[in-house]
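Structure below is query.tsv: TSV, C-alpha atoms.
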```tsv
chain	number	residue	atom	x	y	z
A	1	MET	CA	37.12	-15.18	56.51
A	2	ALA	CA	36.10	-13.50	59.74
A	3	ILE	CA	38.00	-14.38	62.89
A	4	CYS	CA	35.98	-15.93	65.70
A	5	ALA	CA	34.94	-13.49	68.39
A	6	GLY	CA	36.91	-13.88	71.59
A	7	PHE	CA	40.20	-14.61	69.83
A	8	ASP	CA	40.90	-11.13	68.50
A	9	SER	CA	43.35	-10.65	71.33
A	10	TYR	CA	45.38	-13.61	70.08
A	11	ARG	CA	45.43	-12.14	66.58
A	12	ALA	CA	46.45	-8.76	67.93
A	13	SER	CA	49.33	-10.18	69.94
A	14	PRO	CA	52.67	-10.76	68.16
A	15	ALA	CA	52.90	-14.12	66.37
A	16	ASP	CA	55.81	-16.33	67.38
A	17	MET	CA	55.77	-18.80	64.47
A	18	ARG	CA	55.02	-19.18	60.77
A	19	VAL	CA	53.28	-21.94	58.83
A	20	VAL	CA	54.66	-22.60	55.33
A	21	THR	CA	52.52	-24.32	52.68
A	22	SER	CA	53.41	-26.36	49.59
A	23	ASP	CA	53.42	-23.36	47.23
A	24	GLY	CA	55.88	-21.42	49.40
A	25	GLN	CA	53.37	-19.05	50.96
A	26	SER	CA	53.37	-18.60	54.71
A	27	MET	CA	51.08	-17.29	57.43
A	28	ALA	CA	51.66	-16.10	60.97
A	29	ALA	CA	50.30	-18.08	63.90
A	30	HIS	CA	50.64	-18.49	67.65
A	31	SER	CA	52.41	-21.58	68.86
A	32	TYR	CA	50.40	-21.89	72.08
A	33	VAL	CA	47.10	-21.94	70.13
A	34	LEU	CA	48.26	-24.57	67.63
A	35	ALA	CA	49.98	-26.69	70.28
A	36	SER	CA	46.88	-26.71	72.50
A	37	ALA	CA	44.66	-27.72	69.56
A	38	SER	CA	46.76	-30.55	68.11
A	39	PRO	CA	49.24	-32.94	69.78
A	40	VAL	CA	50.97	-33.47	66.44
A	41	LEU	CA	51.51	-29.74	65.93
A	42	GLU	CA	52.76	-29.52	69.52
A	43	ARG	CA	55.53	-32.03	68.81
A	44	MET	CA	56.40	-30.31	65.53
A	45	ILE	CA	56.69	-26.95	67.29
A	46	ASP	CA	58.87	-28.43	70.05
A	47	ARG	CA	61.26	-29.90	67.49
A	48	ALA	CA	61.33	-26.72	65.40
A	49	GLN	CA	62.19	-24.27	68.18
A	50	GLY	CA	63.70	-26.48	70.84
A	51	GLY	CA	61.73	-24.67	73.52
A	52	TRP	CA	59.10	-21.98	73.91
A	53	GLY	CA	61.22	-18.88	73.43
A	54	ALA	CA	62.33	-18.52	69.83
A	55	GLU	CA	60.24	-18.07	66.69
A	56	CYS	CA	59.89	-21.22	64.61
A	57	THR	CA	58.66	-22.34	61.21
A	58	ILE	CA	56.73	-25.51	60.44
A	59	ARG	CA	55.67	-26.90	57.06
A	60	VAL	CA	52.19	-28.16	56.26
A	61	LEU	CA	52.52	-29.81	52.86
A	62	GLY	CA	50.34	-31.69	50.42
A	63	VAL	CA	47.34	-29.32	50.38
A	64	SER	CA	46.55	-25.86	49.06
A	65	TYR	CA	47.18	-22.58	50.85
A	66	ASP	CA	43.42	-21.97	51.24
A	67	ALA	CA	42.97	-25.33	52.93
A	68	VAL	CA	45.83	-24.67	55.37
A	69	HIS	CA	44.45	-21.20	56.06
A	70	ALA	CA	41.01	-22.64	56.82
A	71	PHE	CA	42.55	-25.35	59.01
A	72	ILE	CA	44.55	-22.83	61.05
A	73	HIS	CA	41.50	-20.60	61.31
A	74	PHE	CA	39.41	-23.40	62.79
A	75	LEU	CA	42.09	-24.11	65.39
A	76	TYR	CA	41.35	-20.62	66.76
A	77	SER	CA	37.65	-21.46	67.11
A	78	PRO	CA	36.56	-20.76	70.73
A	79	LYS	CA	33.68	-23.29	70.83
A	80	CYS	CA	35.21	-26.16	68.85
A	81	LYS	CA	32.50	-26.06	66.22
A	82	VAL	CA	31.93	-24.77	62.69
A	83	VAL	CA	29.22	-22.19	62.12
A	84	PRO	CA	27.25	-22.25	58.82
A	85	ALA	CA	28.91	-19.07	57.49
A	86	GLU	CA	32.36	-20.61	57.97
A	87	GLU	CA	31.22	-23.89	56.42
A	88	GLU	CA	30.13	-22.11	53.24
A	89	ALA	CA	33.35	-20.06	53.14
A	90	VAL	CA	35.54	-23.18	53.08
A	91	GLY	CA	33.55	-24.56	50.13
A	92	ALA	CA	35.47	-27.08	48.03
A	93	ASN	CA	38.39	-27.30	50.47
A	94	TRP	CA	36.57	-29.47	53.00
A	95	ALA	CA	38.16	-32.67	51.71
A	96	GLN	CA	41.64	-31.22	52.31
A	97	VAL	CA	40.57	-29.93	55.74
A	98	LEU	CA	39.41	-33.47	56.56
A	99	ALA	CA	42.82	-34.86	55.61
A	100	LEU	CA	44.58	-32.22	57.73
A	101	ALA	CA	42.29	-32.81	60.72
A	102	HIS	CA	42.99	-36.54	60.52
A	103	ALA	CA	46.74	-36.12	60.10
A	104	TYR	CA	47.06	-33.63	62.97
A	105	ARG	CA	44.52	-35.41	65.22
A	106	VAL	CA	41.95	-32.66	65.67
A	107	GLY	CA	38.93	-34.81	66.45
A	108	TRP	CA	36.11	-32.25	66.52
A	109	LEU	CA	37.26	-30.66	63.25
A	110	LYS	CA	37.55	-34.08	61.61
A	111	ARG	CA	33.92	-34.86	62.50
A	112	ALA	CA	32.78	-31.46	61.19
A	113	ALA	CA	34.75	-31.88	57.95
A	114	GLU	CA	33.38	-35.39	57.50
A	115	ALA	CA	29.82	-34.08	57.80
A	116	ALA	CA	30.54	-31.20	55.41
A	117	VAL	CA	32.06	-33.49	52.76
A	118	SER	CA	29.14	-35.91	53.11
A	119	ALA	CA	26.66	-33.07	52.59
A	120	ARG	CA	28.42	-32.00	49.36
A	121	LEU	CA	28.88	-35.49	47.96
A	122	THR	CA	28.15	-36.01	44.24
A	123	PRO	CA	28.36	-39.12	42.00
A	124	GLU	CA	31.37	-37.61	40.20
A	125	ARG	CA	33.33	-37.47	43.47
A	126	ALA	CA	31.99	-40.61	45.14
A	127	VAL	CA	34.97	-42.86	44.30
A	128	ASP	CA	37.55	-40.22	45.28
A	129	MET	CA	35.80	-39.52	48.56
A	130	LEU	CA	35.47	-43.26	49.23
A	131	LYS	CA	39.22	-43.63	49.01
A	132	LEU	CA	39.71	-40.53	51.18
A	133	ALA	CA	37.28	-41.92	53.77
A	134	ARG	CA	39.22	-45.19	53.88
A	135	LEU	CA	42.57	-43.40	54.29
A	136	CYS	CA	41.26	-40.97	56.92
A	137	ASP	CA	39.21	-43.52	58.88
A	138	ALA	CA	35.93	-41.65	58.28
A	139	PRO	CA	33.14	-44.27	58.59
A	140	ARG	CA	30.26	-41.84	58.11
A	141	LEU	CA	31.68	-40.54	54.83
A	142	TYR	CA	32.49	-44.10	53.76
A	143	THR	CA	28.88	-45.15	54.30
A	144	TRP	CA	27.50	-42.18	52.38
A	145	CYS	CA	29.87	-42.83	49.45
A	146	ALA	CA	28.89	-46.51	49.29
A	147	ARG	CA	25.19	-45.64	49.45
A	148	LEU	CA	25.48	-43.01	46.73
A	149	ALA	CA	27.46	-45.38	44.50
A	150	ALA	CA	24.77	-48.05	44.91
A	151	GLU	CA	21.95	-45.64	44.12
A	152	GLU	CA	23.57	-43.84	41.16
A	153	PHE	CA	26.12	-46.31	39.83
A	154	ALA	CA	25.48	-45.28	36.22
A	155	ALA	CA	26.68	-41.75	37.02
A	156	VAL	CA	29.57	-43.05	39.14
A	157	GLU	CA	30.79	-45.18	36.21
A	158	GLN	CA	31.22	-42.01	34.13
A	159	SER	CA	33.42	-40.29	36.73
A	160	ASP	CA	37.18	-39.87	36.43
A	161	GLY	CA	37.66	-41.53	39.82
A	162	TRP	CA	36.02	-44.75	38.64
A	163	ARG	CA	38.05	-44.82	35.43
A	164	PHE	CA	41.26	-44.24	37.38
A	165	ALA	CA	40.36	-47.02	39.84
A	166	ARG	CA	39.71	-49.48	37.01
A	167	ARG	CA	43.09	-48.73	35.43
A	168	HIS	CA	45.37	-48.26	38.42
A	169	ASP	CA	43.66	-49.36	41.66
A	170	ALA	CA	42.21	-52.85	41.37
A	171	ALA	CA	41.77	-53.13	45.15
A	172	LEU	CA	39.54	-50.05	45.26
A	173	GLU	CA	37.52	-51.30	42.29
A	174	LEU	CA	36.94	-54.69	43.92
A	175	GLU	CA	36.03	-53.01	47.20
A	176	LEU	CA	33.45	-50.80	45.51
A	177	LEU	CA	31.99	-53.74	43.56
A	178	ALA	CA	31.73	-55.70	46.82
A	179	LEU	CA	29.88	-52.77	48.40
A	180	LEU	CA	27.46	-52.69	45.46
A	181	GLU	CA	26.85	-56.42	45.77
A	182	ASP	CA	26.19	-56.06	49.50
A	183	ALA	CA	23.73	-53.24	48.78
A	184	ASP	CA	21.87	-55.40	46.25
A	185	GLN	CA	21.72	-58.31	48.67
A	186	ARG	CA	20.50	-56.02	51.43
A	187	ARG	CA	17.73	-54.64	49.22
A	188	GLY	CA	16.72	-58.17	48.25
A	189	ARG	CA	16.71	-59.29	51.88
A	190	TRP	CA	14.67	-56.26	52.86
A	191	ALA	CA	12.16	-56.97	50.06
A	192	ARG	CA	11.79	-60.55	51.26
A	193	GLU	CA	11.25	-59.36	54.82
A	194	ARG	CA	8.60	-56.90	53.70
A	195	ALA	CA	6.87	-59.63	51.67
A	196	ALA	CA	6.92	-61.97	54.69
A	197	GLN	CA	5.49	-59.25	56.92
A	198	GLU	CA	2.73	-58.54	54.40
A	199	ALA	CA	1.88	-62.27	54.25
A	200	CYS	CA	1.67	-62.44	58.05
A	201	ARG	CA	-0.53	-59.35	58.08
A	202	GLN	CA	-2.90	-60.94	55.57
A	203	LEU	CA	-2.99	-64.16	57.59
A	204	GLY	CA	-3.81	-62.12	60.68
A	205	GLU	CA	-6.71	-60.49	58.82
A	206	ALA	CA	-7.88	-63.94	57.71
A	207	MET	CA	-7.90	-65.13	61.33
A	208	ALA	CA	-9.99	-62.11	62.35
A	209	SER	CA	-12.34	-62.78	59.42
A	210	LEU	CA	-12.84	-66.40	60.54
A	211	ASP	CA	-14.07	-65.12	63.90
A	212	HIS	CA	-16.33	-62.67	62.10
A	213	ILE	CA	-18.21	-64.71	59.51
A	214	PHE	CA	-20.08	-67.28	61.64
A	215	PRO	CA	-23.67	-66.73	62.81
A	216	GLY	CA	-24.02	-65.85	66.46
A	217	ALA	CA	-20.93	-63.68	66.59
A	218	LYS	CA	-21.45	-59.98	67.16
A	219	GLY	CA	-21.48	-58.19	63.82
A	220	ALA	CA	-21.09	-61.45	61.86
A	221	CYS	CA	-21.25	-61.55	58.08
A	222	ALA	CA	-24.48	-63.44	57.46
A	223	ASP	CA	-24.45	-63.14	53.66
A	224	ALA	CA	-21.50	-64.24	51.57
A	225	ASP	CA	-22.40	-61.84	48.75
A	226	ALA	CA	-23.04	-58.81	50.94
A	227	PRO	CA	-20.12	-56.42	51.39
A	228	CYS	CA	-18.67	-56.33	54.89
A	229	ALA	CA	-18.33	-53.01	56.67
A	230	ARG	CA	-15.29	-54.13	58.64
A	231	ALA	CA	-12.02	-52.65	57.34
A	232	GLY	CA	-9.78	-55.22	55.67
A	233	CYS	CA	-12.43	-57.97	55.86
A	234	THR	CA	-11.89	-61.06	53.70
A	235	CYS	CA	-15.11	-62.74	54.75
A	236	ARG	CA	-16.52	-63.31	51.28
A	237	GLY	CA	-13.44	-65.11	49.99
A	238	LEU	CA	-13.24	-67.30	53.10
A	239	ARG	CA	-16.94	-68.19	52.85
A	240	LEU	CA	-16.49	-69.30	49.25
A	241	LEU	CA	-13.42	-71.32	50.22
A	242	MET	CA	-15.34	-73.02	53.05
A	243	GLN	CA	-18.24	-73.80	50.71
A	244	HIS	CA	-15.79	-75.51	48.40
A	245	PHE	CA	-14.27	-77.37	51.37
A	246	ALA	CA	-17.70	-78.64	52.44
A	247	THR	CA	-18.67	-79.96	49.00
A	248	CYS	CA	-15.32	-81.02	47.54
A	249	ALA	CA	-15.04	-84.75	46.87
A	250	ARG	CA	-11.29	-84.71	46.32
A	251	LYS	CA	-10.25	-83.69	49.81
A	252	MET	CA	-10.16	-87.33	50.97
A	253	ALA	CA	-8.69	-88.66	47.72
A	254	PRO	CA	-4.97	-89.46	47.37
A	255	GLY	CA	-3.11	-86.24	46.81
A	256	GLY	CA	-6.13	-84.27	47.98
A	257	CYS	CA	-7.29	-80.84	46.86
A	258	ALA	CA	-4.94	-77.84	47.11
A	259	ARG	CA	-7.75	-75.46	48.09
A	260	CYS	CA	-8.99	-77.83	50.79
A	261	LYS	CA	-5.47	-78.21	52.15
A	262	ARG	CA	-5.21	-74.43	52.31
A	263	MET	CA	-8.47	-74.24	54.24
A	264	LEU	CA	-7.28	-76.88	56.72
A	265	GLN	CA	-4.07	-74.91	57.25
A	266	LEU	CA	-6.13	-71.79	57.99
A	267	PHE	CA	-8.25	-73.71	60.52
A	268	ARG	CA	-5.12	-75.07	62.18
A	269	LEU	CA	-3.53	-71.63	62.30
A	270	HIS	CA	-6.69	-70.17	63.82
A	271	ALA	CA	-6.64	-72.82	66.53
A	272	SER	CA	-3.02	-71.96	67.29
A	273	VAL	CA	-3.72	-68.23	67.75
A	274	CYS	CA	-7.20	-68.53	69.28
A	275	VAL	CA	-7.35	-67.52	72.96
A	276	ARG	CA	-11.04	-68.24	73.58
A	277	PRO	CA	-12.34	-71.35	75.36
A	278	ASP	CA	-13.19	-74.33	73.16
A	279	ARG	CA	-16.97	-74.02	73.59
A	280	ALA	CA	-16.95	-70.27	73.00
A	281	CYS	CA	-15.17	-70.49	69.64
A	282	ARG	CA	-17.51	-71.25	66.71
A	283	VAL	CA	-14.82	-71.68	64.05
A	284	PRO	CA	-14.93	-75.26	62.66
A	285	LEU	CA	-12.26	-77.71	63.83
A	286	CYS	CA	-10.88	-75.21	66.35
A	287	SER	CA	-11.30	-77.52	69.35
A	288	HIS	CA	-10.04	-80.47	67.29
A	289	PHE	CA	-6.78	-78.77	66.38
A	290	LYS	CA	-6.35	-77.42	69.93
A	291	ALA	CA	-6.62	-80.94	71.35
A	292	LYS	CA	-4.25	-82.24	68.70
A	293	ALA	CA	-1.73	-79.51	69.53
A	294	GLN	CA	-1.78	-80.51	73.21
A	295	THR	CA	-0.97	-84.14	72.41
A	296	GLY	CA	1.80	-83.47	69.88
A	297	LYS	CA	4.54	-80.85	69.63
A	298	ALA	CA	4.47	-78.57	66.60
A	299	ASP	CA	7.61	-78.14	64.52
A	300	LYS	CA	9.81	-75.06	64.83
A	301	THR	CA	8.66	-73.51	61.53
A	302	TRP	CA	5.00	-73.70	62.54
A	303	ARG	CA	5.68	-72.15	65.95
A	304	LEU	CA	7.54	-69.30	64.26
A	305	LEU	CA	4.62	-68.71	61.88
A	306	VAL	CA	2.16	-68.64	64.79
A	307	LYS	CA	4.36	-66.12	66.60
A	308	LYS	CA	4.58	-63.82	63.56
A	309	VAL	CA	0.85	-63.98	62.85
A	310	THR	CA	0.04	-63.23	66.50
A	311	ARG	CA	2.37	-60.22	66.37
A	312	ALA	CA	0.77	-59.05	63.11
A	313	LYS	CA	-2.70	-59.28	64.65
A	314	ALA	CA	-1.57	-57.21	67.63
A	315	MET	CA	0.00	-54.56	65.39
A	316	SER	CA	-3.13	-54.49	63.22
A	317	SER	CA	-5.34	-53.91	66.24
A	318	LEU	CA	-3.05	-51.09	67.36
A	319	ALA	CA	-3.16	-49.53	63.90
A	320	GLU	CA	-6.98	-49.52	63.97
A	321	ARG	CA	-7.02	-47.44	67.14
A	322	LYS	CA	-7.96	-43.82	66.71
A	323	VAL	CA	-5.44	-42.78	69.34
A	324	VAL	CA	-2.13	-44.61	68.94
A	325	PRO	CA	0.16	-44.73	72.00
A	326	ALA	CA	3.16	-42.44	71.66
A	327	VAL	CA	5.67	-45.27	72.10
A	328	VAL	CA	4.03	-47.25	69.28
A	329	ALA	CA	3.93	-44.22	66.97
A	330	GLU	CA	7.60	-43.49	67.66
A	331	SER	CA	8.59	-47.12	67.08
A	332	TRP	CA	6.67	-47.25	63.82
A	333	ALA	CA	8.22	-43.98	62.61
A	334	ARG	CA	11.70	-45.30	63.41
A	335	TYR	CA	10.91	-48.49	61.54
A	336	ASN	CA	9.74	-46.55	58.47
A	337	ARG	CA	12.85	-44.37	58.50
A	338	ARG	CA	15.05	-47.47	58.56
A	339	ALA	CA	13.03	-49.00	55.73
A	340	ALA	CA	13.43	-45.86	53.62
A	341	LYS	CA	17.21	-45.89	54.07
A	342	LEU	CA	17.52	-49.52	53.03
A	343	ARG	CA	15.40	-49.20	49.91
```

Show me this structure written as structure tokens.
Amino acid sequence: MAICAGFDSYRASPADMRVVTSDGQSMAAHSYVLASASPVLERMIDRAQGGWGAECTIRVLGVSYDAVHAFIHFLYSPKCKVVPAEEEAVGANWAQVLALAHAYRVGWLKRAAEAAVSARLTPERAVDMLKLARLCDAPRLYTWCARLAAEEFAAVEQSDGWRFARRHDAALELELLALLEDADQRRGRWARERAAQEACRQLGEAMASLDHIFPGAKGACADADAPCARAGCTCRGLRLLMQHFATCARKMAPGGCARCKRMLQLFRLHASVCVRPDRACRVPLCSHFKAKAQTGKADKTWRLLVKKVTRAKAMSSLAERKVVPAVVAESWARYNRRAAKLR
């Protein structure tokens, strides 16, 4: 592993301490470099030499020699960052480097190790890395492990880490199962939200079609059987529904007609979102429902529906623009990225 440029002078100067690993191997180091990089190592060096004059020896146990060597190497880094060549050189030792960075309180190296372990995460190691993330307080790695376990649980079940957790670590097993349940609930909630948004979008298109189908309006659909050139137009279906509403004999009977009730709800919703004056709007019953809304207060659920449909109409009109404002395009891209992560 190449030494970072700018610290060759430190390597060339005589070392005043040694670091001993679990297998008995040791490496030379400089106490002032290690002490300046880690407050934990600073206290260990002070206790080992009782001052700054004599050579001392400290022990870094519990990990391999290669991991300790990589950890010490990164402490000599002049810019407190890991370059891609060094990241590839460490390879499979990043999990041990993460544990060392957490134990010796080297914040920048802990963040770099967390990102490197997350990038190399596999279903076979998801359970082990989940436990490591919990012990080392690594929230980013914890999130990636939970997401990978939810997406590829069949492969995670075949891993040695999962089998060990089922036999010897019931708390970890329950924690992982709880994470999987939360992921399923989140996907279900997201699916319901998407379905509700699609319903509001369709209602917004229906409101625009009601304004479009009556004679006298600009570009109105005069023929129920003729195809409409307007994108997303539902004029033909609404015309057929209104023809049924006009001729249905059951709409005044006890219990009424379900299709007629649906048409009345559409008329009421149109009156709630309509911004034109009463005489200017040609949609049937629009002025009637507007006057009724002024005399009585609508319930909370209806007001929420009106708000969502109004928002859907506004977003639909923005989507039909040839030139979309940059802030809208950025917001929509951020929304799609969030949706892709939650799927």

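Among the candidates A:Met27, A:Leu130, A:Ala312, A:Cys145, the one nearest to Gln202 of chain A when counting all atoms listed in the file is A:Ala312.
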
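Computed from the coordinates, the atom CA of Leu109 of chain A to atom CA of Leu132 of chain A distance equals 15.8 Å.
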
Taking all atoms listed in the file into account, which of A:Ala126, A:Val90, A:Arg186, A:Lys131 comes nearest Ala112 of chain A? A:Val90

Between atom CA of Arg167 of chain A and atom CA of Leu148 of chain A, measure the distance and give it in Å to one decimal. 21.7 Å

Around the point (37.5, -43.7, 50.9) (coordinates from the file), which residues reach within 12 Å if we count all atoms listed in the file? Answer as a PyMOL selection string. chain A and resi 95+98-99+114+117-118+125-146+161+165+171-173+175-176

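Near segment 266-273 of chain A, within a cut-off of 6 Å and counting only C-alpha atoms, sit the residues Met207, Cys286, Phe289 and Lys290 of chain A, with same-chain residues fewer than 6 positions away left out.
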
My list of candidates is A:Glu55, A:Cys274, A:Ala119, A:Leu241. Which is closest to Ala258 of chain A when distances are computed with all atoms listed in the file? A:Leu241

May I have the residues within 6 Å of Thr57 of chain A as a ChimeraX atom specification, using all atoms listed in the file and disregarding those fewer than 6 positions away in the same chain? /A:17-19

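Among the candidate residues A:Leu203, A:Leu210, A:Val60, A:Ala101, the one lying nearest to Pro39 of chain A is A:Ala101, with distances computed using all atoms listed in the file.
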
Could you check the closest approach to Leu264 of chain A for each of A:Ala246, A:Ala280, A:Ala298, A:Ile72 and tell me which residue wins, using only C-alpha atoms? A:Ala246

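The interatomic distance for the pair atom CA of Leu61 of chain A and atom CA of Asp169 of chain A works out to 24.2 Å.
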
Extract, using all atoms listed in the file, all DNA, RNA and protein residues at most 9 Å from Leu34 of chain A, discarding same-chain residues fewer than 5 positions from it, and format them as number ranges by chain. A: 29, 39, 41-42, 45, 72, 75-76

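The smallest atom-to-atom distance between Ser316 of chain A and any of A:Arg187, A:Arg105, A:Arg201, A:Arg194, using only C-alpha atoms, is found for A:Arg201.
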
So that I can see what lies close to Lys261 of chain A, please list as a PyMOL selection string the residues with an atom at most 12 Å from it, counting only C-alpha atoms and leaving out residues fewer than 2 positions away in the same chain. chain A and resi 241-242+244-245+248+250-253+255-259+263-268
